[in-house]
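**Q** Shown below is the structure under consideration.
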Amino acid sequence: MANTVENSIEIDRPVGDVFGFVDDYKNSTRYIVGMTEYKPLTKQLNGKGSQFKFVKKTTGLPDIKSQIEITDWDKDRRITFKSFAGFENGGTYTFTPRGDSTVVRLSNTYDLGSLIGGNRGGLFGGLAKAAGGIASKAAEGQVRKDLTTSLEKLRTLVEKETVKTSVKANAPKPAAKTAPAAKPAAAKSTAAKSAAKKPAARKAAPKS
């Protein structure tokens, strides 16, 4: 039986900055809780049709492994993924502008039955009960908690890193160098030379 958890968060950055950060697969291990590996399986690194594999560590369980494909990609609006091997899971990121900020909603669907298999777990799992089965409510609660924490980490990283980019872009350019003004001493020297070349004025003869 598939379970779905979702949550949203507002990030104080334009939608282009937020979408670009999530769309870069190299950032996945930085904000998704427990994600230790997230690598491309195709030469295409983003957009519809790109595929990735991930490894996620979960307390009390073996490493979680899955292979997913981006099934829907709409720039600055939506990214949807679905597994095709390993643990069955999928989800959708939606990006909604709100003034100069962006609301990110993440919906994650997973098959609870595959969690009980021992070697599998959810994308945002954190399920520690390996013995005696896993309670559905406990599983959903932990997945929801990790999803929320992941979104909070996403906000912190995006707001911090785009500030650096903005500061560099808006840094004032150094003033253009102007030609040095003529030295006063040189000007006086030139004037003196010009005066020396002129013949001295003759004195008028005295009247008799």
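Residues in the structure tokens are named by chain (A, B, ... in the order shown) and by number from 1 within that chain; ligands are numbered from 1 in the order shown.
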Compile the contact shell of A:Thr36 as JSON, numbers by chain: residues with an atom at most 12 Å away, counting only C-alpha atoms, same-chain residues fewer than 5 positions apart removed.

**A** {"A": [26, 27, 28, 29, 30, 31, 53, 54, 55, 56, 57, 58, 63, 64, 65, 123]}

**Q** Find the residues near A:Ser50: any atom within 8 Å, counting only C-alpha atoms, skip ones fewer than 3 places away on the same chain, and give them as a ChimeraX atom specification.

**A** /A:40-47,69-70

**Q** Find the residues around A:Phe95 up to 10 Å (only C-alpha atoms counted), leave out those fewer than 5 positions away in its own chain, and share them as a VMD selection string.

**A** chain A and resid 8 10 15 to 16 18 to 19 74 to 79 102 to 106

**Q** Of the candidates A:Met35, A:Asp24, A:Gln51, A:Gly99, which shows the shortest atom-to-atom distance to A:Ser150, using only C-alpha atoms?

**A**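 Looking at the shortest contact to A:Ser150, the residue is A:Met35.
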
**Q** Which parts of stretch 40-114 of chain A does DSSP call strand (DSSP E) when run on the backbone here, written out as a ChimeraX atom specification?

**A** /A:40,51-56,64-74,78-86,89-98,101-111
